[in-house]
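**Student:** What follows is query.pdb, made up of PDB, C-alpha atoms, pLDDT in the B column:
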ATOM      1  CA  MET A   1      64.028 -24.176 -79.152  1.00 94.00           C
ATOM      2  CA  GLN A   2      60.426 -23.841 -80.280  1.00 97.00           C
ATOM      3  CA  ILE A   3      57.587 -24.633 -77.875  1.00 97.00           C
ATOM      4  CA  LYS A   4      53.890 -24.638 -78.711  1.00 98.00           C
ATOM      5  CA  ILE A   5      51.231 -24.996 -76.022  1.00 98.00           C
ATOM      6  CA  VAL A   6      47.628 -25.979 -76.783  1.00 98.00           C
ATOM      7  CA  THR A   7      44.987 -25.054 -74.206  1.00 98.00           C
ATOM      8  CA  ILE A   8      41.412 -23.765 -73.886  1.00 98.00           C
ATOM      9  CA  PHE A   9      42.681 -21.020 -71.560  1.00 98.00           C
ATOM     10  CA  PRO A  10      45.533 -19.268 -73.422  1.00 98.00           C
ATOM     11  CA  GLU A  11      45.186 -16.160 -71.260  1.00 98.00           C
ATOM     12  CA  ILE A  12      46.591 -18.097 -68.305  1.00 97.00           C
ATOM     13  CA  PHE A  13      50.042 -17.857 -69.906  1.00 98.00           C
ATOM     14  CA  ASP A  14      50.073 -14.086 -70.547  1.00 96.00           C
ATOM     15  CA  SER A  15      51.987 -12.949 -67.457  1.00 95.00           C
ATOM     16  CA  PHE A  16      54.080 -16.127 -67.260  1.00 96.00           C
ATOM     17  CA  LEU A  17      55.535 -15.555 -70.725  1.00 96.00           C
ATOM     18  CA  GLY A  18      56.087 -11.843 -70.247  1.00 93.00           C
ATOM     19  CA  VAL A  19      58.229 -11.654 -67.130  1.00 89.00           C
ATOM     20  CA  SER A  20      61.417 -12.937 -65.499  1.00 85.00           C
ATOM     21  CA  LEU A  21      63.529 -15.680 -67.025  1.00 89.00           C
ATOM     22  CA  ILE A  22      61.015 -16.827 -69.646  1.00 94.00           C
ATOM     23  CA  GLY A  23      60.244 -13.310 -70.820  1.00 93.00           C
ATOM     24  CA  ARG A  24      63.947 -12.508 -71.192  1.00 89.00           C
ATOM     25  CA  ALA A  25      64.594 -15.761 -73.042  1.00 92.00           C
ATOM     26  CA  ILE A  26      61.854 -14.985 -75.563  1.00 94.00           C
ATOM     27  CA  GLU A  27      62.973 -11.382 -75.967  1.00 92.00           C
ATOM     28  CA  ALA A  28      66.564 -12.490 -76.576  1.00 90.00           C
ATOM     29  CA  GLY A  29      65.466 -15.050 -79.152  1.00 93.00           C
ATOM     30  CA  ARG A  30      66.740 -18.008 -77.109  1.00 92.00           C
ATOM     31  CA  CYS A  31      63.384 -19.721 -77.553  1.00 95.00           C
ATOM     32  CA  THR A  32      59.990 -19.106 -79.112  1.00 97.00           C
ATOM     33  CA  ILE A  33      56.799 -19.998 -77.266  1.00 97.00           C
ATOM     34  CA  GLU A  34      53.392 -19.938 -78.930  1.00 97.00           C
ATOM     35  CA  VAL A  35      50.137 -20.507 -77.071  1.00 98.00           C
ATOM     36  CA  VAL A  36      47.258 -21.801 -79.193  1.00 98.00           C
ATOM     37  CA  ASP A  37      43.559 -21.852 -78.314  1.00 98.00           C
ATOM     38  CA  LEU A  38      42.194 -25.367 -78.852  1.00 98.00           C
ATOM     39  CA  ARG A  39      38.746 -23.895 -79.545  1.00 98.00           C
ATOM     40  CA  ALA A  40      40.057 -22.607 -82.870  1.00 97.00           C
ATOM     41  CA  TYR A  41      39.977 -26.241 -84.011  1.00 97.00           C
ATOM     42  CA  ALA A  42      36.415 -26.979 -82.867  1.00 96.00           C
ATOM     43  CA  ARG A  43      34.108 -27.816 -85.779  1.00 88.00           C
ATOM     44  CA  ASP A  44      30.793 -26.419 -84.558  1.00 89.00           C
ATOM     45  CA  ARG A  45      29.778 -22.754 -84.377  1.00 89.00           C
ATOM     46  CA  HIS A  46      29.760 -22.814 -80.570  1.00 92.00           C
ATOM     47  CA  ARG A  47      33.382 -24.076 -80.505  1.00 95.00           C
ATOM     48  CA  VAL A  48      32.542 -26.983 -78.188  1.00 96.00           C
ATOM     49  CA  VAL A  49      35.564 -29.077 -77.178  1.00 98.00           C
ATOM     50  CA  ASP A  50      34.019 -31.423 -74.598  1.00 97.00           C
ATOM     51  CA  ASP A  51      31.173 -33.905 -74.302  1.00 97.00           C
ATOM     52  CA  GLU A  52      29.640 -36.419 -71.899  1.00 96.00           C
ATOM     53  CA  PRO A  53      31.633 -39.620 -71.299  1.00 95.00           C
ATOM     54  CA  TYR A  54      30.601 -42.953 -72.750  1.00 95.00           C
ATOM     55  CA  GLY A  55      29.588 -45.254 -69.913  1.00 95.00           C
ATOM     56  CA  GLY A  56      28.174 -42.405 -67.854  1.00 92.00           C
ATOM     57  CA  GLY A  57      29.345 -40.932 -64.580  1.00 85.00           C
ATOM     58  CA  GLY A  58      32.091 -38.430 -63.903  1.00 85.00           C
ATOM     59  CA  GLY A  59      32.537 -35.076 -65.598  1.00 93.00           C
ATOM     60  CA  MET A  60      32.973 -33.971 -69.172  1.00 96.00           C
ATOM     61  CA  VAL A  61      35.661 -35.369 -71.462  1.00 97.00           C
ATOM     62  CA  MET A  62      37.586 -33.371 -74.067  1.00 98.00           C
ATOM     63  CA  LYS A  63      36.642 -34.422 -77.594  1.00 97.00           C
ATOM     64  CA  ALA A  64      39.184 -36.134 -79.837  1.00 97.00           C
ATOM     65  CA  GLU A  65      38.555 -34.220 -83.071  1.00 97.00           C
ATOM     66  CA  PRO A  66      39.751 -30.730 -82.012  1.00 98.00           C
ATOM     67  CA  TRP A  67      42.887 -32.202 -80.456  1.00 98.00           C
ATOM     68  CA  LEU A  68      43.713 -34.351 -83.478  1.00 97.00           C
ATOM     69  CA  GLU A  69      43.294 -31.422 -85.849  1.00 97.00           C
ATOM     70  CA  ALA A  70      45.310 -29.081 -83.626  1.00 98.00           C
ATOM     71  CA  VAL A  71      48.232 -31.446 -83.127  1.00 98.00           C
ATOM     72  CA  ARG A  72      48.398 -32.425 -86.790  1.00 97.00           C
ATOM     73  CA  ASP A  73      48.279 -28.792 -87.852  1.00 97.00           C
ATOM     74  CA  LEU A  74      50.792 -27.461 -85.328  1.00 97.00           C
ATOM     75  CA  ALA A  75      53.312 -30.283 -85.024  1.00 95.00           C
ATOM     76  CA  ALA A  76      56.284 -29.946 -87.325  1.00 85.00           C
ATOM     77  CA  GLU A  77      58.070 -33.121 -88.382  1.00 83.00           C
ATOM     78  CA  ALA A  78      60.573 -32.886 -85.522  1.00 87.00           C
ATOM     79  CA  SER A  79      58.038 -31.923 -82.825  1.00 96.00           C
ATOM     80  CA  TRP A  80      57.924 -34.044 -79.668  1.00 98.00           C
ATOM     81  CA  ARG A  81      54.279 -34.154 -78.607  1.00 98.00           C
ATOM     82  CA  VAL A  82      53.759 -34.191 -74.833  1.00 98.00           C
ATOM     83  CA  GLN A  83      50.462 -34.597 -73.017  1.00 98.00           C
ATOM     84  CA  LEU A  84      50.543 -33.233 -69.460  1.00 98.00           C
ATOM     85  CA  SER A  85      48.841 -35.924 -67.401  1.00 96.00           C
ATOM     86  CA  PRO A  86      48.926 -37.316 -63.833  1.00 94.00           C
ATOM     87  CA  GLN A  87      49.316 -40.724 -65.485  1.00 95.00           C
ATOM     88  CA  GLY A  88      52.570 -39.751 -67.193  1.00 96.00           C
ATOM     89  CA  SER A  89      56.163 -40.430 -66.267  1.00 96.00           C
ATOM     90  CA  ARG A  90      57.521 -38.161 -63.527  1.00 96.00           C
ATOM     91  CA  LEU A  91      59.239 -34.959 -64.595  1.00 97.00           C
ATOM     92  CA  ASP A  92      62.717 -34.957 -63.049  1.00 95.00           C
ATOM     93  CA  GLU A  93      66.131 -33.525 -63.812  1.00 92.00           C
ATOM     94  CA  ALA A  94      67.020 -36.293 -66.260  1.00 93.00           C
ATOM     95  CA  LYS A  95      63.758 -35.847 -68.159  1.00 97.00           C
ATOM     96  CA  VAL A  96      64.182 -32.056 -68.220  1.00 97.00           C
ATOM     97  CA  ARG A  97      67.635 -32.376 -69.743  1.00 95.00           C
ATOM     98  CA  GLU A  98      66.331 -34.887 -72.275  1.00 97.00           C
ATOM     99  CA  LEU A  99      63.521 -32.553 -73.334  1.00 98.00           C
ATOM    100  CA  SER A 100      65.890 -29.578 -73.555  1.00 96.00           C
ATOM    101  CA  GLY A 101      67.764 -31.448 -76.272  1.00 95.00           C
ATOM    102  CA  ARG A 102      64.724 -31.497 -78.530  1.00 96.00           C
ATOM    103  CA  GLU A 103      64.317 -28.833 -81.174  1.00 95.00           C
ATOM    104  CA  ARG A 104      60.528 -28.533 -80.889  1.00 97.00           C
ATOM    105  CA  LEU A 105      58.006 -29.367 -78.182  1.00 98.00           C
ATOM    106  CA  LEU A 106      54.227 -29.416 -78.512  1.00 98.00           C
ATOM    107  CA  LEU A 107      52.439 -29.462 -75.147  1.00 98.00           C
ATOM    108  CA  LEU A 108      48.835 -30.618 -74.746  1.00 98.00           C
ATOM    109  CA  CYS A 109      47.017 -29.163 -71.724  1.00 98.00           C
ATOM    110  CA  GLY A 110      43.898 -31.156 -70.913  1.00 98.00           C
ATOM    111  CA  ARG A 111      40.962 -30.134 -68.729  1.00 96.00           C
ATOM    112  CA  TYR A 112      37.876 -31.641 -67.098  1.00 94.00           C
ATOM    113  CA  GLU A 113      38.099 -35.447 -66.744  1.00 93.00           C
ATOM    114  CA  GLY A 114      40.828 -35.544 -69.359  1.00 95.00           C
ATOM    115  CA  ILE A 115      41.271 -35.985 -73.109  1.00 98.00           C
ATOM    116  CA  ASP A 116      39.648 -38.736 -75.162  1.00 98.00           C
ATOM    117  CA  GLU A 117      42.059 -41.700 -74.968  1.00 97.00           C
ATOM    118  CA  ARG A 118      42.296 -41.949 -78.740  1.00 98.00           C
ATOM    119  CA  VAL A 119      44.259 -38.697 -78.848  1.00 98.00           C
ATOM    120  CA  ARG A 120      47.027 -40.254 -76.775  1.00 98.00           C
ATOM    121  CA  LYS A 121      47.074 -43.319 -78.981  1.00 98.00           C
ATOM    122  CA  LEU A 122      47.091 -41.416 -82.270  1.00 98.00           C
ATOM    123  CA  VAL A 123      49.201 -38.266 -81.851  1.00 98.00           C
ATOM    124  CA  VAL A 124      50.978 -38.181 -78.455  1.00 98.00           C
ATOM    125  CA  ASP A 125      54.623 -39.209 -78.093  1.00 98.00           C
ATOM    126  CA  GLU A 126      54.801 -39.079 -74.305  1.00 98.00           C
ATOM    127  CA  GLU A 127      52.751 -38.337 -71.197  1.00 98.00           C
ATOM    128  CA  ILE A 128      54.466 -36.363 -68.432  1.00 98.00           C
ATOM    129  CA  SER A 129      53.373 -35.691 -64.846  1.00 98.00           C
ATOM    130  CA  ILE A 130      54.830 -33.126 -62.442  1.00 98.00           C
ATOM    131  CA  GLY A 131      53.747 -35.108 -59.377  1.00 96.00           C
ATOM    132  CA  ASP A 132      51.372 -37.600 -57.847  1.00 95.00           C
ATOM    133  CA  TYR A 133      48.402 -35.271 -57.457  1.00 94.00           C
ATOM    134  CA  VAL A 134      45.639 -33.932 -59.691  1.00 91.00           C
ATOM    135  CA  LEU A 135      45.326 -30.368 -60.984  1.00 95.00           C
ATOM    136  CA  SER A 136      42.321 -28.765 -62.678  1.00 95.00           C
ATOM    137  CA  GLY A 137      44.218 -28.687 -65.958  1.00 97.00           C
ATOM    138  CA  GLY A 138      47.567 -29.113 -67.627  1.00 98.00           C
ATOM    139  CA  GLU A 139      48.395 -25.423 -67.854  1.00 98.00           C
ATOM    140  CA  THR A 140      50.280 -25.049 -64.568  1.00 97.00           C
ATOM    141  CA  ALA A 141      52.106 -28.308 -65.263  1.00 98.00           C
ATOM    142  CA  ALA A 142      53.106 -26.932 -68.678  1.00 98.00           C
ATOM    143  CA  MET A 143      54.512 -23.815 -67.000  1.00 98.00           C
ATOM    144  CA  VAL A 144      56.631 -25.966 -64.696  1.00 98.00           C
ATOM    145  CA  LEU A 145      57.940 -27.969 -67.643  1.00 98.00           C
ATOM    146  CA  VAL A 146      58.640 -24.879 -69.774  1.00 97.00           C
ATOM    147  CA  GLU A 147      60.589 -23.068 -67.058  1.00 95.00           C
ATOM    148  CA  ALA A 148      62.601 -26.154 -66.139  1.00 96.00           C
ATOM    149  CA  VAL A 149      63.489 -26.814 -69.780  1.00 96.00           C
ATOM    150  CA  ALA A 150      64.215 -23.159 -70.572  1.00 94.00           C
ATOM    151  CA  ARG A 151      66.832 -23.028 -67.807  1.00 92.00           C
ATOM    152  CA  GLN A 152      68.833 -25.627 -69.726  1.00 92.00           C
ATOM    153  CA  ILE A 153      69.042 -23.524 -72.907  1.00 90.00           C
ATOM    154  CA  PRO A 154      72.496 -21.892 -73.140  1.00 86.00           C
ATOM    155  CA  GLY A 155      72.332 -18.184 -72.388  1.00 82.00           C
ATOM    156  CA  VAL A 156      68.910 -18.185 -70.734  1.00 86.00           C
ATOM    157  CA  VAL A 157      70.302 -18.162 -67.183  1.00 79.00           C
ATOM    158  CA  GLY A 158      72.901 -15.420 -66.903  1.00 59.00           C
ATOM    159  CA  LEU A 159      75.374 -17.388 -64.773  1.00 49.00           C
ATOM    160  CA  ALA A 160      76.111 -20.854 -66.130  1.00 51.00           C
ATOM    161  CA  ASP A 161      77.219 -21.935 -62.655  1.00 50.00           C
ATOM    162  CA  SER A 162      73.697 -21.277 -61.383  1.00 53.00           C
ATOM    163  CA  VAL A 163      72.390 -24.072 -63.588  1.00 53.00           C
ATOM    164  CA  GLU A 164      75.331 -26.385 -63.036  1.00 56.00           C
ATOM    165  CA  ASN A 165      74.907 -26.131 -59.262  1.00 51.00           C
ATOM    166  CA  ASP A 166      71.114 -26.443 -59.187  1.00 57.00           C
ATOM    167  CA  SER A 167      69.536 -29.006 -56.894  1.00 58.00           C
ATOM    168  CA  PHE A 168      69.240 -32.419 -58.602  1.00 65.00           C
ATOM    169  CA  ARG A 169      71.814 -31.503 -61.275  1.00 63.00           C
ATOM    170  CA  HIS A 170      74.182 -34.191 -59.990  1.00 75.00           C
ATOM    171  CA  GLY A 171      71.646 -36.164 -58.046  1.00 86.00           C
ATOM    172  CA  ILE A 172      71.849 -34.239 -54.769  1.00 93.00           C
ATOM    173  CA  LEU A 173      70.299 -31.101 -53.310  1.00 93.00           C
ATOM    174  CA  ASP A 174      71.910 -27.673 -53.398  1.00 91.00           C
ATOM    175  CA  TYR A 175      74.029 -26.256 -50.561  1.00 93.00           C
ATOM    176  CA  PRO A 176      72.670 -23.446 -48.283  1.00 95.00           C
ATOM    177  CA  HIS A 177      72.945 -19.851 -49.493  1.00 94.00           C
ATOM    178  CA  TYR A 178      73.604 -16.684 -47.480  1.00 97.00           C
ATOM    179  CA  THR A 179      73.781 -12.954 -48.177  1.00 96.00           C
ATOM    180  CA  ARG A 180      73.980  -9.696 -46.176  1.00 95.00           C
ATOM    181  CA  PRO A 181      73.606  -8.970 -43.299  1.00 97.00           C
ATOM    182  CA  ARG A 182      76.080 -11.270 -41.541  1.00 97.00           C
ATOM    183  CA  ASP A 183      73.756 -11.787 -38.575  1.00 97.00           C
ATOM    184  CA  VAL A 184      69.984 -12.280 -38.690  1.00 97.00           C
ATOM    185  CA  GLU A 185      68.259 -12.641 -35.307  1.00 97.00           C
ATOM    186  CA  GLY A 186      71.296 -14.330 -33.793  1.00 97.00           C
ATOM    187  CA  LEU A 187      72.006 -16.624 -36.761  1.00 97.00           C
ATOM    188  CA  ALA A 188      75.386 -15.775 -38.285  1.00 97.00           C
ATOM    189  CA  VAL A 189      76.806 -16.600 -41.690  1.00 97.00           C
ATOM    190  CA  PRO A 190      79.224 -19.564 -41.426  1.00 97.00           C
ATOM    191  CA  GLU A 191      82.754 -18.235 -40.970  1.00 97.00           C
ATOM    192  CA  VAL A 192      84.160 -20.300 -43.841  1.00 97.00           C
ATOM    193  CA  LEU A 193      82.111 -18.247 -46.316  1.00 98.00           C
ATOM    194  CA  LEU A 194      83.847 -15.099 -45.071  1.00 97.00           C
ATOM    195  CA  SER A 195      87.344 -16.583 -45.153  1.00 97.00           C
ATOM    196  CA  GLY A 196      88.232 -15.906 -48.777  1.00 97.00           C
ATOM    197  CA  ASP A 197      89.579 -19.476 -49.000  1.00 98.00           C
ATOM    198  CA  HIS A 198      87.890 -20.720 -52.184  1.00 98.00           C
ATOM    199  CA  ALA A 199      88.969 -24.322 -51.704  1.00 97.00           C
ATOM    200  CA  ALA A 200      87.577 -24.368 -48.162  1.00 98.00           C
ATOM    201  CA  VAL A 201      84.340 -22.804 -49.373  1.00 97.00           C
ATOM    202  CA  ALA A 202      84.010 -25.471 -52.080  1.00 96.00           C
ATOM    203  CA  ARG A 203      84.578 -28.254 -49.537  1.00 97.00           C
ATOM    204  CA  TRP A 204      82.021 -26.730 -47.158  1.00 98.00           C
ATOM    205  CA  ARG A 205      79.430 -26.362 -49.901  1.00 96.00           C
ATOM    206  CA  ARG A 206      79.836 -29.970 -50.989  1.00 96.00           C
ATOM    207  CA  GLN A 207      79.549 -31.190 -47.412  1.00 98.00           C
ATOM    208  CA  GLU A 208      76.427 -29.111 -46.775  1.00 97.00           C
ATOM    209  CA  ALA A 209      74.845 -30.242 -50.047  1.00 95.00           C
ATOM    210  CA  LEU A 210      75.385 -33.834 -48.956  1.00 97.00           C
ATOM    211  CA  ARG A 211      74.066 -33.037 -45.484  1.00 97.00           C
ATOM    212  CA  ALA A 212      70.895 -31.465 -46.948  1.00 97.00           C
ATOM    213  CA  THR A 213      70.336 -34.482 -49.186  1.00 96.00           C
ATOM    214  CA  LEU A 214      70.937 -36.975 -46.389  1.00 97.00           C
ATOM    215  CA  THR A 215      68.544 -35.088 -44.095  1.00 97.00           C
ATOM    216  CA  LYS A 216      65.785 -34.104 -46.512  1.00 97.00           C
ATOM    217  CA  ARG A 217      65.934 -36.518 -49.452  1.00 95.00           C
ATOM    218  CA  PRO A 218      68.074 -39.550 -48.563  1.00 96.00           C
ATOM    219  CA  ASP A 219      66.400 -41.498 -51.383  1.00 95.00           C
ATOM    220  CA  LEU A 220      68.346 -39.412 -53.907  1.00 94.00           C
ATOM    221  CA  LEU A 221      71.694 -40.739 -52.685  1.00 96.00           C
ATOM    222  CA  GLU A 222      71.045 -44.176 -54.140  1.00 94.00           C
ATOM    223  CA  ALA A 223      71.464 -42.871 -57.699  1.00 91.00           C
ATOM    224  CA  ALA A 224      73.632 -39.780 -57.066  1.00 93.00           C
ATOM    225  CA  GLU A 225      77.026 -39.158 -58.665  1.00 89.00           C
ATOM    226  CA  LEU A 226      79.237 -39.602 -55.581  1.00 96.00           C
ATOM    227  CA  SER A 227      83.016 -39.647 -55.253  1.00 96.00           C
ATOM    228  CA  ASP A 228      85.040 -41.568 -52.685  1.00 97.00           C
ATOM    229  CA  GLU A 229      85.360 -38.340 -50.710  1.00 97.00           C
ATOM    230  CA  ASP A 230      81.592 -37.885 -50.821  1.00 97.00           C
ATOM    231  CA  HIS A 231      81.146 -41.338 -49.314  1.00 98.00           C
ATOM    232  CA  ARG A 232      83.607 -40.456 -46.545  1.00 97.00           C
ATOM    233  CA  ILE A 233      81.710 -37.245 -45.802  1.00 98.00           C
ATOM    234  CA  LEU A 234      78.415 -39.118 -45.715  1.00 98.00           C
ATOM    235  CA  GLY A 235      79.919 -41.659 -43.348  1.00 97.00           C
ATOM    236  CA  ARG A 236      80.876 -38.898 -40.928  1.00 97.00           C
ATOM    237  CA  LEU A 237      77.469 -37.237 -41.248  1.00 97.00           C
ATOM    238  CA  ARG A 238      75.614 -40.487 -40.617  1.00 96.00           C
ATOM    239  CA  GLY A 239      77.761 -41.053 -37.520  1.00 94.00           C
ATOM    240  CA  LYS A 240      76.483 -37.745 -36.111  1.00 86.00           C
ATOM    241  CA  GLN A 241      72.822 -38.490 -36.683  1.00 79.00           C
TER     242      GLN A 241
END
Spit out the file's structure as C-alpha cells when you get a sec.
**Tutor:**
Amino acid sequence: MQIKIVTIFPEIFDSFLGVSLIGRAIEAGRCTIEVVDLRAYARDRHRVVDDEPYGGGGGMVMKAEPWLEAVRDLAAEASWRVQLSPQGSRLDEAKVRELSGRERLLLLCGRYEGIDERVRKLVVDEEISIGDYVLSGGETAAMVLVEAVARQIPGVVGLADSVENDSFRHGILDYPHYTRPRDVEGLAVPEVLLSGDHAAVARWRRQEALRATLTKRPDLLEAAELSDEDHRILGRLRGKQ
C-alpha cells in the first residue's frame, strides 16, 4: 500500500513514522508513506496557504489553489483522496477494512477554519472523521487512520490472531488480558486461564468479550456477528445485571 499525506506541518509525522508498528512496516516494505509539505505548492514567494474568509468572521481559511495543485500532482490514477474532517463519515472497523483494500491513499490534513470548500468538490473522494470533536488540524486524525489501516496489511502485525481478535473486528469488544504475576494487589488471574484447557479458555474469552460489550458498549450488539450460543450467553449475563 502507498500512502501520501499532505500537511503544512510535515515534521509532526517524523517520530510517528520512525517507530513501532508503522516504522517496522515501512522498513519491511509492507507499505510506503510519504509526507508532503503543502507549502511547496504555494504560488507566492512567501508560500502563503491561507487567507481571510469571504463573509467575514472566524479564522483563516486554507486557499484552494495549493491544495488543488498538490492533489493533482500527487494523486495517481488509483489514489483514493481523503480529507480528514469533523464533517466526514465516522472512521470505524468497517471503514478501516475498506480503506485497507485500496492500493493508494492520499490524505489531506487541513488547518485553521478548514479548507476552501471547492477543494472538496473538485478533488476529494471522501471526508472522514475520527470522532465528534474538533482538533487543531487533520494530522493527528491522519495518524489514527494510518495506524488502523496499516494493522490490516498482511505481515505488519506479527501475530495474525492479534488482528483477528481486535476489538470491533466482529462487532464486539475484546476479552480481558492477563500476564504475570498471578496476583496483583489481591486480584488473581482467572483460574480457567491457568487450566491448560484450550476449549474452556476459548469459551471464557468469548463470554468475557460479550460481557465487556454488554457493559461498556451495548449499542454494538445490535449489529454484531452473534451466534445462537452468543445469544444464550447474553441472556444469562443480562439476567445477572
**Student:** Taking into account only C-alpha atoms, which residue in the set A:Cys31, A:Ser100, A:Lys121, A:Glu147 is nearest to Phe16 in chain A?
**Tutor:**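 Closest residue, counting only C-alpha atoms: A:Glu147.
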**Student:** Please identify all polymer residues lying at most 12 Å from the point (71.5, -40.1, -50.1) (file coordinates), using all atoms listed in the file, and present the result as a VMD selection string.
**Tutor:** chain A and resid 168 170 to 173 209 to 226 230 to 231 233 to 235 237 to 238
**Student:** To one decimal place, how far is CA of Phe9 in chain A from CA of Arg97 in chain A in Å?
**Tutor:**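 Computing it gives 27.5 Å between the two atoms.
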**Student:** Applying the PyMOL selection byres ((chain A and resi 149) around 9) to the file I just gave you, which residues come out? Please list them as a short mmCIF file (atom, residue, chain, number, x, y, z; two decimals) with C-alpha atoms, in the frame of the given file.
**Tutor:**
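New file result27.cif:
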data_model
loop_
_atom_site.label_atom_id
_atom_site.label_comp_id
_atom_site.auth_asym_id
_atom_site.auth_seq_id
_atom_site.Cartn_x
_atom_site.Cartn_y
_atom_site.Cartn_z
CA VAL A 96 64.18 -32.06 -68.22
CA ARG A 97 67.64 -32.38 -69.74
CA GLU A 98 66.33 -34.89 -72.28
CA LEU A 99 63.52 -32.55 -73.33
CA SER A 100 65.89 -29.58 -73.56
CA VAL A 144 56.63 -25.97 -64.70
CA LEU A 145 57.94 -27.97 -67.64
CA VAL A 146 58.64 -24.88 -69.77
CA GLU A 147 60.59 -23.07 -67.06
CA ALA A 148 62.60 -26.15 -66.14
CA ALA A 150 64.22 -23.16 -70.57
CA ARG A 151 66.83 -23.03 -67.81
CA GLN A 152 68.83 -25.63 -69.73
CA ILE A 153 69.04 -23.52 -72.91
#
**Student:** Name the residues in contact with Val61 in chain A at a cut-off of 12 Å, using all atoms listed in the file, excluding same-chain residues fewer than 6 positions from it; report them as a PyMOL selection string.
**Tutor:** chain A and resi 48-55+67+110-119
**Student:** Find the distance between CA of His198 in chain A and CA of Val157 in chain A and write it in Å to one decimal.
**Tutor:**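 About the pair CA of His198 in chain A and CA of Val157 in chain A: they are 23.3 Å apart.
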**Student:** Write out as AutoDock Vina command-line options an axis-aligned box for range 4-8 of chain A: all of its atoms listed in the file, 3 Å added on each side, centre and edge lengths in Å with one decimal.
**Tutor:**
--center_x 47.7 --center_y -24.9 --center_z -76.3 --size_x 18.5 --size_y 8.2 --size_z 10.8
**Student:** Could you tell me how far CA of Glu103 in chain A sits from CA of Ile22 in chain A, in Å to one decimal place?
**Tutor:** 17.0 Å
**Student:** Which residues of range 73-144 of chain A come within 10 Å of range 38-46 of chain A, and for each one, what is the closest pair of atoms and their distance in Å to one decimal, counting all atoms listed in the file, sorted by chain and residue number, as CSV?
**Tutor:**
residue,atom,partner,partner_atom,distance
A:Asp73,CA,A:Tyr41,CA,9.5
A:Leu108,CA,A:Leu38,CA,9.4
A:Cys109,CA,A:Leu38,CA,9.4
A:Gly110,CA,A:Leu38,CA,10.0
**Student:** Can you write just those residues out, C-alpha atoms, as a compact mmCIF listing (two decimals), keeping the file's coordinate frame?
**Tutor:**
# COMPACT_ATOMS: atom_id res chain seq x y z
CA ASP A 73 48.28 -28.79 -87.85
CA LEU A 108 48.84 -30.62 -74.75
CA CYS A 109 47.02 -29.16 -71.72
CA GLY A 110 43.90 -31.16 -70.91
**Student:** Name the residues in contact with Leu17 in chain A at a cut-off of 12 Å, using all atoms listed in the file, excluding same-chain residues fewer than 6 positions from it; report them as an MDAnalysis selection string.
**Tutor:** chainID A and resid 3 5 10:11 23:27 31:35 142:143 146:147 150
**Student:** Which residue gives the smallest distance to Ser20 in chain A among A:Ile130, A:Arg102, A:Val156, A:Arg232, with all atoms listed in the file counted?
**Tutor:**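 With all atoms listed in the file as the atom set, the closest residue is A:Val156.
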**Student:** I'd like to know which of A:Gln207, A:Asp92, A:Leu193, A:Arg120 is closest to Asp174 in chain A, using all atoms listed in the file.
**Tutor:**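 Ranking A:Gln207, A:Asp92, A:Leu193, A:Arg120 by distance to Asp174 in chain A, first place goes to A:Gln207.
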**Student:** Looking at all atoms listed in the file, which of A:Pro181, A:Gly57, A:Pro154, A:Gly137 is the one that sits closest to Leu84 in chain A?
**Tutor:** A:Gly137
**Student:** For Ala28 in chain A, which of A:Gly155, A:Thr140, A:Leu187, A:Lys4 is the closest residue, counting all atoms listed in the file?
**Tutor:**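 Once distances to Ala28 in chain A are computed over all atoms listed in the file, the minimum belongs to A:Gly155.
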**Student:** Which one is closest to Arg30 in chain A: A:Ala70, A:Thr7, A:Phe13, A:Gln2? Count all atoms listed in the file.
**Tutor:**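 Between A:Ala70, A:Thr7, A:Phe13, A:Gln2, the residue approaching Arg30 in chain A most closely is A:Gln2.
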**Student:** How would range 222-232 of chain A read, as a compact mmCIF listing (two decimals), in the coordinates of the input, once N, CA and C atoms are built in?
**Tutor:**
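For reference, part33.txt as written:
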# COMPACT_ATOMS: atom_id res chain seq x y z
N GLU A 222 70.88 -42.86 -53.51
CA GLU A 222 71.04 -44.18 -54.14
C GLU A 222 71.51 -44.08 -55.59
N ALA A 223 71.10 -43.02 -56.29
CA ALA A 223 71.46 -42.87 -57.70
C ALA A 223 72.37 -41.67 -57.96
N ALA A 224 72.83 -41.00 -56.91
CA ALA A 224 73.63 -39.78 -57.07
C ALA A 224 75.04 -40.08 -57.57
N GLU A 225 75.64 -39.07 -58.20
CA GLU A 225 77.03 -39.16 -58.66
C GLU A 225 77.94 -38.82 -57.49
N LEU A 226 78.47 -39.82 -56.80
CA LEU A 226 79.24 -39.60 -55.58
C LEU A 226 80.68 -40.08 -55.74
N SER A 227 81.60 -39.28 -55.24
CA SER A 227 83.02 -39.65 -55.25
C SER A 227 83.36 -40.40 -53.97
N ASP A 228 84.59 -40.91 -53.92
CA ASP A 228 85.04 -41.57 -52.68
C ASP A 228 85.01 -40.59 -51.51
N GLU A 229 85.39 -39.35 -51.76
CA GLU A 229 85.36 -38.34 -50.71
C GLU A 229 83.93 -38.08 -50.25
N ASP A 230 83.00 -38.06 -51.19
CA ASP A 230 81.59 -37.88 -50.82
C ASP A 230 81.14 -38.99 -49.87
N HIS A 231 81.53 -40.21 -50.17
CA HIS A 231 81.15 -41.34 -49.31
C HIS A 231 81.76 -41.19 -47.92
N ARG A 232 82.99 -40.67 -47.86
CA ARG A 232 83.61 -40.46 -46.54
C ARG A 232 82.85 -39.37 -45.77
